[in-house]
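Printed here is run05.csv (CSV, C-alpha atoms):
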chain,number,residue,atom,x,y,z
A,24,MET,CA,-20.2,-312.5,-60.9
A,25,LEU,CA,-20.7,-309.7,-63.0
A,26,ILE,CA,-23.1,-311.4,-64.5
A,27,ASN,CA,-21.5,-312.9,-66.7
A,28,PRO,CA,-20.2,-311.9,-69.7
A,29,ASN,CA,-20.9,-314.9,-71.4
A,30,ASP,CA,-21.4,-316.8,-68.4
A,31,ALA,CA,-17.9,-316.6,-68.0
A,32,ARG,CA,-18.3,-317.2,-64.5
A,33,ASN,CA,-19.1,-320.6,-64.9
A,34,PHE,CA,-15.5,-321.3,-64.9
A,35,ASN,CA,-13.3,-322.0,-61.9
A,36,SER,CA,-10.0,-320.8,-61.2
A,37,SER,CA,-8.6,-323.9,-62.3
A,38,GLN,CA,-11.0,-323.8,-64.9
A,39,LEU,CA,-10.1,-320.6,-66.2
A,40,SER,CA,-6.7,-321.6,-66.0
A,41,LEU,CA,-7.8,-324.7,-67.3
A,42,GLY,CA,-9.9,-323.1,-69.6
A,43,LEU,CA,-12.8,-324.4,-68.0
A,44,LYS,CA,-13.9,-322.5,-65.0
A,45,PRO,CA,-17.3,-322.0,-64.0
A,46,TYR,CA,-17.5,-318.4,-64.1
A,47,LEU,CA,-19.6,-318.9,-61.4
A,48,ILE,CA,-22.1,-316.8,-61.3
A,49,MET,CA,-22.4,-316.1,-64.4
A,50,GLN,CA,-23.7,-315.4,-63.2
A,51,LEU,CA,-26.0,-313.8,-62.2
A,52,ILE,CA,-27.6,-310.8,-62.2
A,53,ARG,CA,-25.3,-308.4,-61.8
A,54,THR,CA,-27.1,-305.6,-62.7
A,55,VAL,CA,-30.1,-305.1,-60.7
A,56,SER,CA,-32.4,-302.2,-61.4
A,57,LEU,CA,-31.3,-298.8,-60.0
A,58,PHE,CA,-34.3,-298.9,-57.8
A,59,LEU,CA,-33.1,-302.0,-56.0
A,60,LEU,CA,-29.5,-300.8,-55.9
A,61,PHE,CA,-30.2,-297.5,-54.2
A,62,SER,CA,-33.2,-298.4,-52.2
A,63,ILE,CA,-31.0,-300.6,-50.0
A,64,GLY,CA,-28.5,-297.7,-49.4
A,65,ALA,CA,-30.2,-296.9,-46.1
A,66,ALA,CA,-30.1,-300.4,-44.9
A,67,GLY,CA,-28.4,-300.8,-41.6
A,68,TYR,CA,-26.1,-303.0,-39.6
A,69,VAL,CA,-25.3,-303.5,-36.0
A,70,SER,CA,-21.6,-303.6,-35.3
A,71,ALA,CA,-18.6,-301.5,-34.5
A,72,LYS,CA,-16.1,-304.4,-34.1
A,73,ILE,CA,-13.7,-306.3,-36.4
A,74,ILE,CA,-15.2,-309.5,-37.6
A,75,SER,CA,-13.4,-312.4,-39.2
A,76,ILE,CA,-15.5,-314.6,-41.5
A,77,PRO,CA,-13.8,-317.9,-42.5
A,78,PHE,CA,-14.3,-318.8,-46.2
A,79,LYS,CA,-13.7,-321.7,-48.5
A,80,LEU,CA,-12.3,-321.4,-52.1
A,81,ARG,CA,-14.3,-323.6,-54.4
A,82,ASP,CA,-13.8,-323.3,-58.1
A,83,ASP,CA,-12.0,-320.1,-57.4
A,84,HIS,CA,-15.0,-318.6,-55.7
A,85,ILE,CA,-15.2,-317.3,-52.2
A,86,PHE,CA,-17.9,-319.1,-50.1
A,87,ILE,CA,-18.9,-317.7,-46.8
A,88,LYS,CA,-21.6,-318.6,-44.2
A,89,LEU,CA,-24.4,-316.2,-43.5
A,90,PHE,CA,-27.4,-316.9,-41.2
A,91,ASN,CA,-31.1,-316.3,-40.9
A,92,ASN,CA,-32.7,-315.2,-37.7
A,93,GLU,CA,-33.3,-318.8,-36.7
A,94,GLY,CA,-29.5,-319.5,-37.0
A,95,HIS,CA,-29.8,-321.6,-40.2
A,96,ALA,CA,-26.5,-321.3,-42.2
A,97,TYR,CA,-26.5,-320.4,-45.9
A,98,ASP,CA,-23.6,-320.8,-48.3
A,99,PHE,CA,-23.0,-317.5,-50.1
A,100,ILE,CA,-20.6,-316.5,-52.8
A,101,PHE,CA,-18.8,-313.3,-51.9
A,102,ASP,CA,-18.9,-311.3,-55.2
A,103,THR,CA,-17.8,-307.8,-55.8
A,104,GLY,CA,-19.6,-308.0,-59.1
A,105,ALA,CA,-23.0,-308.6,-57.4
A,106,GLU,CA,-24.9,-305.3,-57.1
A,107,GLY,CA,-27.9,-307.0,-55.6
A,108,THR,CA,-28.1,-310.0,-53.4
A,109,ILE,CA,-29.2,-313.1,-55.2
A,110,PHE,CA,-30.9,-315.9,-53.4
A,111,ASP,CA,-31.5,-319.5,-54.6
A,112,VAL,CA,-35.1,-319.9,-55.4
A,113,ASN,CA,-35.1,-323.5,-54.2
A,114,THR,CA,-33.7,-322.5,-50.8
A,115,ALA,CA,-36.2,-319.6,-50.7
A,116,ASN,CA,-39.1,-322.1,-51.2
A,117,LYS,CA,-37.8,-324.3,-48.4
A,118,HIS,CA,-37.7,-321.3,-46.0
A,119,GLY,CA,-40.9,-319.6,-47.0
A,120,ILE,CA,-39.3,-316.7,-48.8
A,121,GLU,CA,-41.6,-315.5,-51.5
A,122,ALA,CA,-41.2,-313.1,-54.4
A,123,LYS,CA,-43.6,-310.2,-54.1
A,124,LYS,CA,-42.4,-308.1,-57.0
A,125,VAL,CA,-40.5,-308.5,-60.3
A,126,THR,CA,-37.4,-306.6,-61.4
A,127,GLU,CA,-35.4,-306.5,-64.6
A,128,VAL,CA,-31.8,-307.6,-64.4
A,129,ILE,CA,-28.9,-307.8,-66.8
A,130,THR,CA,-26.9,-311.0,-67.2
A,131,ALA,CA,-24.1,-311.7,-69.5
A,132,ASN,CA,-26.6,-313.0,-71.9
A,133,GLY,CA,-28.9,-310.0,-71.9
A,134,LYS,CA,-32.0,-308.9,-69.9
A,135,SER,CA,-34.5,-311.0,-68.0
A,136,LYS,CA,-37.2,-310.5,-65.4
A,137,LEU,CA,-36.9,-312.1,-62.0
A,138,GLY,CA,-38.9,-312.0,-58.8
A,139,TYR,CA,-37.5,-310.5,-55.6
A,140,ALA,CA,-38.4,-310.5,-51.9
A,141,SER,CA,-38.0,-307.3,-49.9
A,142,LYS,CA,-37.2,-306.6,-46.3
A,143,GLN,CA,-35.0,-309.7,-45.8
A,144,TYR,CA,-32.3,-310.1,-43.1
A,145,LEU,CA,-29.0,-311.9,-42.9
A,146,LYS,CA,-26.7,-312.3,-39.9
A,147,ILE,CA,-22.9,-312.3,-40.2
A,148,ASP,CA,-22.6,-313.4,-36.6
A,149,ARG,CA,-24.8,-313.3,-33.5
A,150,ASP,CA,-24.6,-309.5,-33.1
A,151,THR,CA,-24.1,-308.3,-36.7
A,152,GLU,CA,-27.1,-308.1,-39.0
A,153,LEU,CA,-27.6,-307.0,-42.5
A,154,ARG,CA,-31.1,-305.5,-42.7
A,155,LYS,CA,-33.7,-304.5,-45.3
A,156,LEU,CA,-32.1,-306.6,-48.1
A,157,HIS,CA,-33.8,-307.3,-51.4
A,158,PHE,CA,-33.3,-310.9,-52.5
A,159,ILE,CA,-33.3,-311.5,-56.2
A,160,LEU,CA,-34.6,-315.1,-56.6
A,161,HIS,CA,-32.9,-317.3,-59.1
A,162,ASP,CA,-32.0,-321.0,-59.5
A,163,LEU,CA,-28.4,-321.3,-58.2
A,164,SER,CA,-28.4,-325.1,-57.9
A,165,HIS,CA,-25.7,-325.5,-60.5
A,166,LEU,CA,-23.4,-323.4,-58.4
A,167,ASN,CA,-24.1,-325.3,-55.2
A,168,ALA,CA,-24.7,-322.0,-53.5
A,169,ASP,CA,-27.7,-320.6,-51.5
A,170,GLY,CA,-26.9,-317.0,-52.6
A,171,VAL,CA,-24.5,-314.4,-54.0
A,172,ILE,CA,-23.7,-311.2,-52.1
A,173,GLY,CA,-21.3,-308.3,-52.6
A,174,TYR,CA,-22.5,-304.7,-52.5
A,175,ASP,CA,-24.8,-305.3,-49.5
A,176,ILE,CA,-21.7,-306.0,-47.4
A,177,LEU,CA,-19.3,-303.7,-49.2
A,178,ASN,CA,-21.5,-300.6,-48.9
A,179,ARG,CA,-21.6,-301.1,-45.1
A,180,PHE,CA,-18.1,-302.3,-44.2
A,181,THR,CA,-14.5,-301.9,-45.2
A,182,VAL,CA,-13.5,-305.5,-46.2
A,183,LYS,CA,-10.1,-307.3,-46.3
A,184,ILE,CA,-9.8,-310.5,-48.2
A,185,ASP,CA,-7.0,-312.7,-46.9
A,186,TYR,CA,-6.7,-315.5,-49.4
A,187,ILE,CA,-3.8,-317.2,-47.6
A,188,ASN,CA,-5.6,-317.7,-44.3
A,189,LYS,CA,-9.0,-317.8,-46.0
A,190,GLN,CA,-10.5,-315.0,-43.9
A,191,LEU,CA,-12.9,-312.2,-44.9
A,192,ILE,CA,-12.3,-309.5,-42.3
A,193,ILE,CA,-14.8,-306.7,-42.0
A,194,THR,CA,-14.9,-303.5,-40.0
A,195,SER,CA,-16.5,-300.1,-40.1
A,196,ARG,CA,-13.2,-298.2,-40.1
A,197,LEU,CA,-10.3,-298.4,-42.6
A,198,ARG,CA,-7.8,-297.5,-39.9
A,199,ASP,CA,-8.5,-300.8,-38.2
A,200,PHE,CA,-6.2,-302.4,-40.9
A,201,ASP,CA,-2.5,-302.1,-41.1
A,202,LEU,CA,-1.9,-300.9,-44.6
A,203,THR,CA,1.9,-301.0,-44.5
A,204,SER,CA,3.3,-302.2,-47.8
A,205,PHE,CA,-0.2,-302.0,-49.5
A,206,LYS,CA,-0.5,-300.0,-52.6
A,207,PRO,CA,-3.7,-297.9,-53.1
A,208,ILE,CA,-5.5,-297.9,-56.4
A,209,ALA,CA,-8.4,-295.5,-56.9
A,210,PHE,CA,-11.5,-297.0,-58.5
A,211,LYS,CA,-14.8,-295.6,-59.8
A,212,PHE,CA,-18.3,-296.8,-60.1
A,213,ASP,CA,-19.6,-296.3,-63.6
A,214,LYS,CA,-22.9,-297.7,-64.5
A,215,ALA,CA,-23.2,-299.9,-61.5
A,216,ALA,CA,-21.8,-300.5,-58.0
A,217,ILE,CA,-18.9,-302.6,-59.3
A,218,PRO,CA,-15.3,-301.2,-58.9
A,219,VAL,CA,-13.6,-300.2,-62.1
A,220,ILE,CA,-9.8,-299.7,-62.4
A,221,ASN,CA,-7.3,-299.6,-65.2
A,222,ALA,CA,-5.2,-302.6,-66.2
A,223,THR,CA,-2.9,-303.6,-69.0
A,224,ILE,CA,-2.5,-306.8,-71.0
A,225,VAL,CA,0.9,-307.5,-72.7
A,226,LEU,CA,0.7,-309.5,-76.0
A,227,ALA,CA,3.4,-311.9,-77.2
A,228,SER,CA,4.6,-309.2,-79.6
A,229,GLY,CA,5.3,-306.9,-76.6
A,230,GLU,CA,2.4,-304.6,-77.4
A,231,ASN,CA,0.7,-303.1,-74.3
A,232,LEU,CA,-3.1,-302.6,-74.3
A,233,THR,CA,-4.6,-300.6,-71.4
A,234,SER,CA,-8.2,-300.0,-70.5
A,235,SER,CA,-10.9,-300.4,-67.8
A,236,VAL,CA,-11.6,-303.7,-66.0
A,237,LEU,CA,-14.4,-304.6,-63.6
A,238,VAL,CA,-13.1,-306.0,-60.4
A,239,ASP,CA,-15.1,-309.2,-59.9
A,240,THR,CA,-14.3,-311.7,-57.1
A,241,GLY,CA,-17.2,-313.8,-58.4
A,242,ALA,CA,-15.5,-314.5,-61.6
A,243,GLY,CA,-13.5,-317.8,-61.4
A,244,LEU,CA,-10.9,-316.8,-64.0
A,245,THR,CA,-7.9,-314.6,-64.7
A,246,ILE,CA,-9.3,-312.1,-67.3
A,247,MET,CA,-12.4,-312.1,-69.4
A,248,ILE,CA,-11.7,-309.9,-72.4
A,249,GLY,CA,-14.8,-308.2,-73.8
A,250,ASN,CA,-15.8,-309.1,-77.3
A,251,GLN,CA,-15.8,-305.4,-78.4
A,252,PHE,CA,-12.3,-304.9,-77.1
A,253,PHE,CA,-11.2,-308.1,-78.8
A,254,GLU,CA,-12.5,-307.0,-82.2
A,255,GLU,CA,-11.5,-303.4,-81.9
A,256,HIS,CA,-7.8,-304.3,-81.3
A,257,ASP,CA,-7.9,-307.2,-83.8
A,258,LEU,CA,-6.7,-309.7,-81.2
A,259,LYS,CA,-7.8,-312.7,-83.2
A,260,THR,CA,-4.7,-312.1,-85.4
A,261,LYS,CA,-2.5,-311.0,-82.6
A,262,PHE,CA,-3.1,-313.9,-80.2
A,263,PRO,CA,-1.0,-317.0,-80.8
A,264,LYS,CA,-4.0,-319.3,-80.8
A,265,VAL,CA,-7.7,-319.0,-79.9
A,266,LEU,CA,-9.6,-322.0,-78.5
A,267,THR,CA,-13.3,-322.6,-77.8
A,268,SER,CA,-14.7,-323.8,-74.5
A,269,SER,CA,-18.3,-325.0,-74.1
A,270,SER,CA,-19.9,-324.8,-70.6
A,271,HIS,CA,-23.2,-324.1,-68.9
A,272,GLY,CA,-23.9,-320.7,-67.6
A,273,LEU,CA,-26.5,-319.2,-65.4
A,274,SER,CA,-29.3,-320.1,-67.6
A,275,LYS,CA,-28.0,-321.8,-70.7
A,276,ARG,CA,-25.1,-323.5,-72.5
A,277,SER,CA,-22.5,-321.0,-73.7
A,278,GLU,CA,-19.2,-320.8,-75.5
A,279,THR,CA,-16.2,-318.7,-74.7
A,280,LYS,CA,-12.9,-318.3,-76.4
A,281,ILE,CA,-9.6,-319.0,-74.7
A,282,SER,CA,-6.1,-317.7,-75.5
A,283,ARG,CA,-3.0,-316.5,-73.7
A,284,ILE,CA,-1.2,-313.3,-73.0
A,285,ALA,CA,2.5,-312.6,-72.2
A,286,ALA,CA,1.8,-310.6,-69.0
A,287,PHE,CA,-0.8,-308.6,-67.0
A,288,LYS,CA,-0.1,-305.3,-65.3
A,289,ILE,CA,-2.1,-303.5,-62.6
A,290,ASN,CA,-0.5,-300.4,-60.9
A,291,SER,CA,3.1,-301.4,-60.4
A,292,PHE,CA,2.4,-305.1,-60.2
A,293,GLU,CA,3.1,-307.4,-63.2
A,294,LEU,CA,2.2,-311.1,-63.5
A,295,ASP,CA,3.7,-313.4,-66.2
A,296,GLU,CA,2.1,-315.4,-68.9
A,297,MET,CA,-1.5,-316.6,-68.3
A,298,PRO,CA,-4.6,-317.9,-70.1
A,299,VAL,CA,-7.4,-315.5,-70.7
A,300,ARG,CA,-11.0,-315.9,-71.7
A,301,ILE,CA,-12.7,-313.9,-74.4
A,302,SER,CA,-16.4,-313.1,-74.3
A,303,THR,CA,-18.3,-314.0,-77.5
A,304,ASN,CA,-21.4,-312.0,-76.5
A,305,ASN,CA,-22.0,-308.3,-77.2
A,306,THR,CA,-25.1,-308.2,-74.9
A,307,GLY,CA,-25.2,-308.2,-71.2
A,308,VAL,CA,-22.4,-306.8,-69.1
A,309,PHE,CA,-20.4,-305.4,-72.0
A,310,SER,CA,-23.2,-304.1,-74.1
A,311,ASP,CA,-23.0,-300.6,-72.8
A,312,ARG,CA,-19.3,-300.5,-71.7
A,313,GLU,CA,-17.6,-299.6,-74.9
A,314,GLY,CA,-13.8,-299.8,-74.8
A,315,TYR,CA,-13.6,-301.8,-71.6
A,316,LEU,CA,-10.9,-304.4,-71.6
A,317,GLY,CA,-13.1,-306.8,-69.6
A,318,ILE,CA,-13.4,-308.4,-66.2
A,319,LEU,CA,-10.6,-309.0,-63.6
A,320,GLY,CA,-11.3,-312.3,-61.9
A,321,ASN,CA,-10.4,-314.2,-58.7
A,322,VAL,CA,-7.6,-316.2,-60.2
A,323,ILE,CA,-5.5,-313.0,-60.4
A,324,LEU,CA,-7.1,-311.3,-57.3
A,325,SER,CA,-6.2,-314.3,-55.1
A,326,ARG,CA,-2.5,-313.5,-55.5
A,327,PHE,CA,-3.0,-310.4,-53.3
A,328,ASP,CA,-4.1,-309.4,-49.9
A,329,ILE,CA,-6.9,-307.0,-50.7
A,330,VAL,CA,-8.6,-304.2,-48.8
A,331,LEU,CA,-11.8,-302.8,-50.3
A,332,ASP,CA,-13.0,-299.4,-49.0
A,333,TYR,CA,-16.1,-298.2,-50.9
A,334,ARG,CA,-16.3,-295.0,-48.9
A,335,SER,CA,-13.1,-293.6,-50.3
A,336,LYS,CA,-13.3,-295.6,-53.5
A,337,GLN,CA,-9.9,-297.2,-52.9
A,338,ILE,CA,-8.6,-300.8,-53.4
A,339,TYR,CA,-5.4,-301.6,-51.5
A,340,LEU,CA,-3.2,-304.4,-52.8
A,341,LYS,CA,-0.2,-306.3,-51.4
A,342,GLU,CA,1.5,-309.4,-52.8
A,343,ASN,CA,0.7,-312.6,-50.9
A,344,ALA,CA,2.3,-316.0,-51.0
A,345,ASN,CA,0.5,-316.9,-54.2
A,346,TYR,CA,1.9,-314.1,-56.2
A,347,ASN,CA,4.7,-315.9,-57.9
A,348,ASN,CA,2.9,-319.1,-58.6
A,349,SER,CA,2.6,-320.0,-62.3
A,350,PHE,CA,-0.8,-320.0,-63.9
A,351,GLU,CA,-2.3,-323.2,-65.1
A,352,PHE,CA,-2.8,-323.8,-68.8
A,353,PRO,CA,-5.2,-326.2,-70.5
A,354,THR,CA,-3.7,-329.7,-70.6
A,355,ARG,CA,-6.5,-332.3,-70.3
A,356,GLY,CA,-9.0,-330.0,-72.1
A,357,PHE,CA,-11.8,-330.2,-69.5
A,358,LYS,CA,-12.8,-329.0,-66.1
A,359,LEU,CA,-14.6,-330.8,-63.3
A,360,LYS,CA,-17.3,-329.6,-60.9
A,361,ARG,CA,-19.4,-331.1,-58.1
A,362,HIS,CA,-23.2,-331.1,-58.7
A,363,SER,CA,-25.3,-332.6,-56.0
A,364,ASN,CA,-23.7,-336.0,-55.3
A,365,ASP,CA,-21.9,-336.3,-58.7
A,366,VAL,CA,-18.7,-335.0,-60.2
A,367,LEU,CA,-19.4,-333.7,-63.7
A,368,ILE,CA,-17.4,-332.3,-66.6
A,369,SER,CA,-18.3,-328.6,-66.3
A,370,SER,CA,-16.7,-327.3,-69.5
A,371,ILE,CA,-14.6,-328.7,-72.3
A,372,ILE,CA,-12.3,-327.3,-74.9
A,373,MET,CA,-13.5,-328.2,-78.4
A,374,GLU,CA,-10.0,-328.4,-79.9
A,375,SER,CA,-8.9,-330.9,-77.2
A,376,GLU,CA,-8.2,-334.6,-77.4
A,377,ALA,CA,-10.9,-335.0,-74.7
A,378,TYR,CA,-13.6,-333.4,-76.9
A,379,GLU,CA,-12.4,-335.4,-80.0
A,380,ALA,CA,-12.7,-338.6,-77.9
A,381,GLY,CA,-16.4,-337.9,-77.2
A,382,LEU,CA,-16.4,-336.3,-73.8
A,383,SER,CA,-18.8,-333.4,-73.3
A,384,GLN,CA,-20.1,-330.9,-70.8
A,385,GLY,CA,-22.4,-332.7,-68.2
A,386,ASP,CA,-20.8,-336.1,-68.4
A,387,ARG,CA,-20.6,-337.8,-65.0
A,388,VAL,CA,-17.2,-339.0,-63.9
A,389,VAL,CA,-17.2,-342.7,-62.9
A,390,SER,CA,-13.5,-343.1,-62.4
A,391,ILE,CA,-10.1,-341.7,-63.2
A,392,ASN,CA,-7.1,-344.0,-63.4
A,393,GLY,CA,-9.2,-346.6,-61.6
A,394,ASN,CA,-10.1,-344.3,-58.7
A,395,ASP,CA,-13.9,-344.3,-58.3
A,396,SER,CA,-14.0,-342.3,-55.0
A,397,ASN,CA,-16.4,-339.7,-56.4
A,398,ASP,CA,-14.3,-337.1,-54.7
A,399,ILE,CA,-13.5,-334.0,-56.8
A,400,ALA,CA,-10.4,-333.1,-54.8
A,401,THR,CA,-8.9,-336.5,-55.3
A,402,TYR,CA,-9.7,-336.5,-59.0
A,403,ASN,CA,-8.1,-333.1,-59.5
A,404,LYS,CA,-4.9,-334.3,-57.7
A,405,ILE,CA,-4.8,-337.3,-60.1
A,406,LEU,CA,-5.2,-335.0,-63.1
A,407,LYS,CA,-2.3,-332.8,-61.9
A,408,LYS,CA,0.0,-335.5,-60.7
A,409,ASN,CA,-0.1,-337.8,-63.7
A,410,GLN,CA,2.0,-336.0,-66.3
A,411,SER,CA,2.0,-338.7,-69.0
A,412,GLY,CA,-1.7,-339.6,-69.4
A,413,ILE,CA,-4.9,-340.6,-67.6
A,414,ILE,CA,-7.7,-343.0,-68.2
A,415,ILE,CA,-11.1,-341.5,-67.5
A,416,VAL,CA,-14.4,-343.3,-67.5
A,417,VAL,CA,-17.6,-341.2,-67.8
A,418,SER,CA,-21.3,-341.8,-68.0
A,419,SER,CA,-22.5,-339.8,-71.0
A,420,ALA,CA,-24.9,-337.0,-70.3
A,421,LEU,CA,-26.6,-337.6,-73.6
A,422,THR,CA,-27.1,-341.4,-73.6
A,423,GLY,CA,-26.1,-342.7,-70.2
A,424,ASP,CA,-23.6,-345.1,-71.8
A,425,LEU,CA,-20.1,-345.6,-70.3
A,426,LEU,CA,-17.2,-344.2,-72.2
A,427,GLU,CA,-13.6,-345.0,-71.4
A,428,THR,CA,-10.9,-342.6,-72.8
A,429,ASP,CA,-7.1,-342.6,-72.6
A,430,LEU,CA,-5.9,-338.9,-72.6
A,431,LYS,CA,-2.4,-337.5,-72.9
A,432,ASN,CA,-1.2,-334.6,-70.9
A,433,ARG,CA,-0.3,-331.8,-73.3
A,434,ASP,CA,-0.4,-328.0,-73.6
A,435,ILE,CA,-3.3,-327.5,-76.0
A,436,PHE,CA,-2.0,-324.2,-77.1
A,437,ASP,CA,1.2,-325.9,-78.4
A,438,SER,CA,-0.6,-328.8,-80.1
A,439,ASN,CA,-1.5,-328.8,-83.8

Translate the structure described by the file into structure tokens.
Amino acid sequence: MLINPNDARNFNSSQLSLGLKPYLIMQLIRTVSLFLLFSIGAAGYVSAKIISIPFKLRDDHIFIKLFNNEGHAYDFIFDTGAEGTIFDVNTANKHGIEAKKVTEVITANGKSKLGYASKQYLKIDRDTELRKLHFILHDLSHLNADGVIGYDILNRFTVKIDYINKQLIITSRLRDFDLTSFKPIAFKFDKAAIPVINATIVLASGENLTSSVLVDTGAGLTIMIGNQFFEEHDLKTKFPKVLTSSSHGLSKRSETKISRIAAFKINSFELDEMPVRISTNNTGVFSDREGYLGILGNVILSRFDIVLDYRSKQIYLKENANYNNSFEFPTRGFKLKRHSNDVLISSIIMESEAYEAGLSQGDRVVSINGNDSNDIATYNKILKKNQSGIIIVVSSALTGDLLETDLKNRDIFDSN
């Protein structure tokens, strides 16, 4: 969630891979004022034990349950790109949480002013409490989340992310984890409390380009390449093909570019060909990070067991069972998401057959291949299973009219 270069977060893992992921958080407010960032440094917690927090992966984002003092459960996105804790303004209104002050935050689309509520509390379990939190209030309804949290956990605990068993494991001591076979990678904090490491992209020509990336579990994508880096290295002429995806970010509709790289390297790890996103925005997260390659997202991170130790500024990585899985490339040209009780098209590639047929971001799915279950998991299975083609019926976001479209299954990068 680094706030979104370009609202990149509005893409899911499949999205990114699909070219349509809700970069989820786009999100949000990554850069909270230094006052807020450091004023919470003294905040406390009560615990000396190892705690396992189950999580769900939705749109390549990690969702955990946190609780208020009355035991009410909130759905939070765990996001290493979130310097401050973001809380949904609609949920805040329901629970009597009011903004008493205003702070300036930086999103991928630039600066904005938002209200925040001080001296808030969240419980991880019955005995473990996060105290003296500042909630930045913002509308997160399009993310189906009550909040976004990262630094407020990571500055208090050492955290292990187990993507295979879907567990977030926290403890106050690094030695509580067996780090056998893990490889340590030193990171730094530059302008914010977001880990920065070096990584390399390999182009189709074999050229290697190495620079800094922000480690962002809130980004539902592989890599988001910064626009400055893209232009500086003349990647428009070096990439085999560049596509355009339209989606809705934290606060407005946005466009990002999509292409592919031959490989990605981090430390001694190397992952094969994958789709990447390219920010089209020079403001926001990348505005003062000249030379940065971009953002490292959850679609790549989920291929590792990860231990994050902010005290020693080390990230520990070990391959997991996802490591050798192939990355998904755009075929249908659109990505789905659930919003309230509907399944919607969350983003669409403008060079795709789907876009040419009249589908657009925000259209409500009525059926796919005759299935009208309104279940996003079922729809995604149908899209993956049917290799020849699919028939999709949508209700237009613009007119409300029904549109039926027959779409082929093809690699958009290989099409003319």

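Closest approach to Ile87 (chain A) among A:Ile172, A:Ser411, A:Ser204, A:Asp111: A:Ile172, based on only C-alpha atoms.
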
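Distance-wise, CA of Asp429 (chain A) and CA of Arg283 (chain A) end up 26.4 Å apart.
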
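Of the residues listed (A:Asp201, A:Asp82, A:Glu254, A:Glu296), A:Asp82 shows the shortest atom-to-atom separation from Asn403 (chain A); distances use all atoms listed in the file.
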
Who sits within 7 Å of Leu316 (chain A), all atoms listed in the file, same chain under 5 positions skipped, as a list in words: Ser234, Ser235, Val236, Ile248, Gly249 and Phe252 of chain A

May I ask which of the residues A:Leu382, A:Ala344, A:Ile338, A:Ile405 is the closest one to Leu421 (chain A), counting all atoms listed in the file? A:Leu382

Please fill the gaps in region 218-228 of chain A so it has N, CA, C and O atoms, and write that as a tab-separated table (two decimals), in the coordinates of the input.
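The result, stored in rebuild20.tsv:
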chain	number	residue	atom	x	y	z
A	218	PRO	N	-16.56	-302.04	-58.77
A	218	PRO	CA	-15.30	-301.20	-58.90
A	218	PRO	C	-14.72	-301.37	-60.31
A	218	PRO	O	-14.63	-302.46	-60.87
A	219	VAL	N	-14.27	-300.22	-60.84
A	219	VAL	CA	-13.60	-300.20	-62.10
A	219	VAL	C	-12.25	-299.56	-61.99
A	219	VAL	O	-12.11	-298.46	-61.42
A	220	ILE	N	-11.22	-300.25	-62.47
A	220	ILE	CA	-9.80	-299.70	-62.40
A	220	ILE	C	-9.21	-299.94	-63.80
A	220	ILE	O	-9.80	-300.59	-64.67
A	221	ASN	N	-8.03	-299.38	-63.98
A	221	ASN	CA	-7.30	-299.60	-65.20
A	221	ASN	C	-6.33	-300.75	-65.09
A	221	ASN	O	-5.73	-300.96	-64.04
A	222	ALA	N	-6.16	-301.48	-66.18
A	222	ALA	CA	-5.20	-302.60	-66.20
A	222	ALA	C	-4.66	-302.72	-67.62
A	222	ALA	O	-5.22	-302.18	-68.58
A	223	THR	N	-3.57	-303.47	-67.73
A	223	THR	CA	-2.90	-303.60	-69.00
A	223	THR	C	-2.62	-305.08	-69.31
A	223	THR	O	-2.18	-305.83	-68.43
A	224	ILE	N	-2.89	-305.49	-70.55
A	224	ILE	CA	-2.50	-306.80	-71.00
A	224	ILE	C	-1.29	-306.62	-71.96
A	224	ILE	O	-1.25	-305.65	-72.73
A	225	VAL	N	-0.33	-307.54	-71.87
A	225	VAL	CA	0.90	-307.50	-72.70
A	225	VAL	C	0.78	-308.69	-73.69
A	225	VAL	O	0.66	-309.84	-73.25
A	226	LEU	N	0.83	-308.41	-74.97
A	226	LEU	CA	0.70	-309.50	-76.00
A	226	LEU	C	2.11	-310.09	-76.23
A	226	LEU	O	3.14	-309.57	-75.80
A	227	ALA	N	2.12	-311.22	-76.93
A	227	ALA	CA	3.40	-311.90	-77.20
A	227	ALA	C	4.34	-311.03	-78.01
A	227	ALA	O	5.56	-311.15	-77.89
A	228	SER	N	3.81	-310.09	-78.80
A	228	SER	CA	4.60	-309.20	-79.60
A	228	SER	C	5.27	-308.08	-78.75
A	228	SER	O	6.13	-307.34	-79.22
